[in-house]
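Just below is one structure, and these are the notes that go with it.
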Amino acid sequence: MACSVSELEQSIYRVKKSILQTAYECQKSAHIGGALSMADILTVLYKGYLRFDRDNTRWEDRDRFILSKGHCVLAYYAVLRECGILSDDMLAQFQKNGSSLGAHPTMNLEYGIESSNGSLGQGVSMAVGIAKAGKIKNEAYRVYTLIGNGECNEGSVWEAAMLADQWTLDHLTIILDNNGMQSDGASEEIISASGMAQKWAAFGFDVREIDGHNVPEICRAFEEKTQGKPKIVIANTVKGHGISFMENNNEWHHNRLTKKTYEQACMELEESQRGL
Amino acid sequence: MDFNVKQAKQWSRLGPRAVYGMAMLELMQKNERVYALSADLGVSSGLQRVMKAYPQRYLNTGIAEQNLIGVSAGLAKEGFVPFASSFAPFITLRCADQVRMNMGYMHLNMKTVALGSGVSMSSLGNSHYGNEDLAFMRSIPGMTILSPADCGQLTQAVYAATEWDGPVYIRLTGEPNMPIVYEESGVYEIGRANVLRKGKDVTLIATGSMVALALEAADTLKTKGIEAGVIDMHTLKPLDTGCLDDVCGLSKLLVTIEEHGKIGGLGSAVAEYVAQMDQRAPLLMFGIPDRYMKAGDYSYMLEQSGLTVEHIVSVVCDKLT
């Protein structure tokens with residue numbers, strides 16, 4: 001691994017700070033809760049495991065990452081900034097009129113963004129196609145896609161899962177940001193997100209269930225090799241993680257930060273940083 | 001793909017699906033980037049020989065059209081040229097949002113093929129008909145839509161789609177023993193309509209299976225002293241508006257004929273364009289009625305839809321006199 005746990009935790013702090021700052025400065029509502037639940041896993045993936053060249057984002061041998069839960073793009077932009085692919089100036093354009101950095105990702109290989117997403121349930125299919133192409137071409141790249149537990153309501157996720165098993169795509173890793181909530185509220189009251197491990201195991205996946213905010217656990221989940229099976233890392237997370245008034249509060253699924261709430265959030269983040 | 005009269009006759013007997021499979025077999029021999037995909041309808045796509053010759057290059061996603069489009073998109077992103085085929089409603093409407101995101105928004109270099117569009121699925125009924133596919137596919141920005149008039153032109157469409165950089169939808173209409181429009185391969189250019197006949201009284205603009213019918217109608221109109229031009233609008237999008245500019249000033253009447261619902265297909269495309277002209281001939285549109293009909297044989301369904309030479313000639317004559 002390229003970074004120590006401590007370095008990864010520092011990166012996560014900067015990513016979360018960037019999420020808050022970008023959301024605040026755009027002066028519009030943004031999907032903050034889900035961005036904060038997936039920030040740890042995505043940061044660890046990019047800083048620790050994903051192979052890419054920040055100066056040549058089209059590098060053919062790069063690992064491919066698809067953000068299937070596209071609405072949480074704030075975390076994606078923040079991670080790309082942390083990796084030196086996007087700049088502060090670029091992030092300042094978030095949700096501005098005519099910007100390339102919209103509220104959902106738009107395919108832009110120059111920016112390291114592999115695909116356009118926002119319509120849930122489609123990233124796994126594309127990842128399966130890319131993984132199959134890698135097998136056909138006998139290329140060594142790995143394919144990662146990040147989905148949400150709400151997104152697993154979409155039937156197309158399971159269509160793709162069945163095929164990943166059938167084609168034994170053992171270089172495919174799905175990361176499930178399992179924060180237990182979705183747009184209308186708690187998944188338990190809509191389509192339960194419990195029992196995800198059994199469901200994915202039944203679909204032929206090698207399942208790793210972890211605390212999605214525990215860096216060593218995330219690292220182990222990415223490091224462990226699978227043989228002959230696609231892998232899923234079920235990261236149990238907290239929506240709005242790290243900010244007391246956002247945690248498990250679905251008002252922050254899509255909301256706007258005021259000066260007061262922004263400053264409060266930053267203060268809490270800094271306090272937790274001092275504790276590291 | 002060049003062809004002669006002997007092949008044109010042979011392919012017409014085989015019908016569009018078998019000829020699609022044959023064209024794919026030949027194409028895949030020549031171009032190793034081409035892959036055939038289906039959602040468990042490889043045999044129905046005429047791909048048996050492809051499945052045997054290239055088992056690694058025929059990918060069956062199972063009965064899952066949304067995933068079929070997403071997986072094809074992944075292959076396209078990695079430099080392959082995927083051709084995904086299924087029955088018309090399943091390859092367009094069942095996976096509409098995947099089509100919109102991958103073929104539209106991301107403009108990926110992938111091709112989809114509708115088998116048995118229009119009412120050619122005959123007794124299988126409305127669940128399998130393609131009466132709405134064009135309305136949806138035409139609305140996707142950047143889409144290219146091909147609708148071959150016969151089996152010879154179908155082979156040209158498959159080859160042209162491979163060379164075309166971007167998403168292409170090929171819509172197959174007709175059945176085995178369908179009429180021949182082109183006895184040998186001539187000029188075929190995406191976006192350039194073929195003017196088959198010129199006529200000062202009326203211009204019949206047709207697509208797919210209806211081109212042969214338009215030629216027959218033109219023959220009948222001639223016996224009644226009416227000179228009818230015939231245009232094969234084999235590309236629905238981008239529409240050859242230059243060709244429409246040429247004919248609109250020449251004819252007293254424009255007629256569109258298509259095996260698709262009257263909303264959103266060829267008639268709509270022509271109407272959308274000519275409606276903006278200052279001087280234009282009136283437009284008559286023939287297509288499948290805007291309702292779900294009781295199913296029957298192919299010829300019965302065409303009859304029920306008024307897509308017969310007799311009906312079209314009669315309406316055109318009434319309009320002109």
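Labeling convention for the structure tokens: chains A, B, ... as they appear, residues from 1 per chain, ligands from 1 in order of appearance.
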
Please find the residues of chain A near chain B - the criterion being any atom within 10 Å, counting only C-alpha atoms - and write them as a PyMOL selection string.
chain A and resi 60+106-108+114-119+121-134+136-137+155-164+166-167

| query | Tell me, which residues of stretch 8-138 of chain B carry DSSP helix (DSSP H, G or I), written as a ChimeraX atom specification? | reply | /B:8-14,16-30,48-53,65-77,88-92,96-105,122-124,133-138

Taken to one decimal, the atom CA of B:Asp133-atom CA of B:Arg94 distance is 10.3 Å

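Proximity of B:Tyr35, B:Trp11, B:Phe87, B:Tyr20 to B:Leu124, computed with only C-alpha atoms, is greatest for B:Phe87.
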
A:Tyr49 environment, 12 Å, only C-alpha atoms, sequence neighbours closer than 4 positions dropped, as number ranges by chain | A: 1-4, 8, 41-45, 62-65, 141-144, 173, 218-224

Next item on the list: Fewer than 5 positions away in the same chain doesn't count, so skip those; otherwise give me all residues within 8 Å of B:Gly287, counting only C-alpha atoms, as a ChimeraX atom specification.
Entry: /B:257-262,267,305-307

Pull N, CA and C atoms from the residues just selected and write them as a PDB file, in the first residue's frame.
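Written out: result26.pdb:
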```
ATOM      1  N   ILE B 257     -44.778   6.660 -45.751  1.00  0.00           N
ATOM      2  CA  ILE B 257     -45.286   5.301 -45.518  1.00  0.00           C
ATOM      3  C   ILE B 257     -44.279   4.558 -44.641  1.00  0.00           C
ATOM      4  N   GLU B 258     -44.765   4.059 -43.502  1.00  0.00           N
ATOM      5  CA  GLU B 258     -43.852   3.384 -42.568  1.00  0.00           C
ATOM      6  C   GLU B 258     -44.580   2.318 -41.779  1.00  0.00           C
ATOM      7  N   GLU B 259     -43.822   1.314 -41.369  1.00  0.00           N
ATOM      8  CA  GLU B 259     -44.374   0.264 -40.509  1.00  0.00           C
ATOM      9  C   GLU B 259     -44.018   0.632 -39.064  1.00  0.00           C
ATOM     10  N   HIS B 260     -44.657   1.659 -38.583  1.00  0.00           N
ATOM     11  CA  HIS B 260     -44.438   2.183 -37.230  1.00  0.00           C
ATOM     12  C   HIS B 260     -45.681   2.984 -36.875  1.00  0.00           C
ATOM     13  N   GLY B 261     -45.934   3.164 -35.605  1.00  0.00           N
ATOM     14  CA  GLY B 261     -47.056   3.990 -35.190  1.00  0.00           C
ATOM     15  C   GLY B 261     -46.993   5.363 -35.845  1.00  0.00           C
ATOM     16  N   LYS B 262     -48.154   5.986 -35.975  1.00  0.00           N
ATOM     17  CA  LYS B 262     -48.192   7.272 -36.687  1.00  0.00           C
ATOM     18  C   LYS B 262     -47.530   8.392 -35.888  1.00  0.00           C
ATOM     19  N   GLY B 267     -43.101   9.688 -40.589  1.00  0.00           N
ATOM     20  CA  GLY B 267     -44.065  10.751 -40.894  1.00  0.00           C
ATOM     21  C   GLY B 267     -43.833  11.961 -40.006  1.00  0.00           C
ATOM     22  N   SER B 305     -53.806  -1.920 -40.793  1.00  0.00           N
ATOM     23  CA  SER B 305     -53.159  -0.621 -40.607  1.00  0.00           C
ATOM     24  C   SER B 305     -53.300   0.267 -41.840  1.00  0.00           C
ATOM     25  N   GLY B 306     -53.929  -0.259 -42.867  1.00  0.00           N
ATOM     26  CA  GLY B 306     -54.050   0.515 -44.106  1.00  0.00           C
ATOM     27  C   GLY B 306     -52.744   0.584 -44.882  1.00  0.00           C
ATOM     28  N   LEU B 307     -51.827  -0.304 -44.570  1.00  0.00           N
ATOM     29  CA  LEU B 307     -50.547  -0.293 -45.275  1.00  0.00           C
ATOM     30  C   LEU B 307     -50.607  -1.280 -46.443  1.00  0.00           C
TER      31      LEU B 307
END
```

Considering only C-alpha atoms, give me a table of residues in stretch 57-95 of chain A that are at most 12 Å from stretch 241-256 of chain A, with the closest atom pair and distance in Å for each, as a tab-separated table.
```
residue	atom	partner	partner_atom	distance
A:His71	CA	A:His254	CA	9.3
A:Cys72	CA	A:His253	CA	9.5
A:Leu74	CA	A:His254	CA	11.5
```

Which is closer to A:Leu86 than all the others in A:Tyr24, A:Ala30, A:Asp206, A:Ser18, using only C-alpha atoms?
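Ranked by minimum distance to A:Leu86, first place goes to A:Ser18.
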
re atom CA of B:Gly229 and atom CA of B:Thr203: distance 4.4 Å
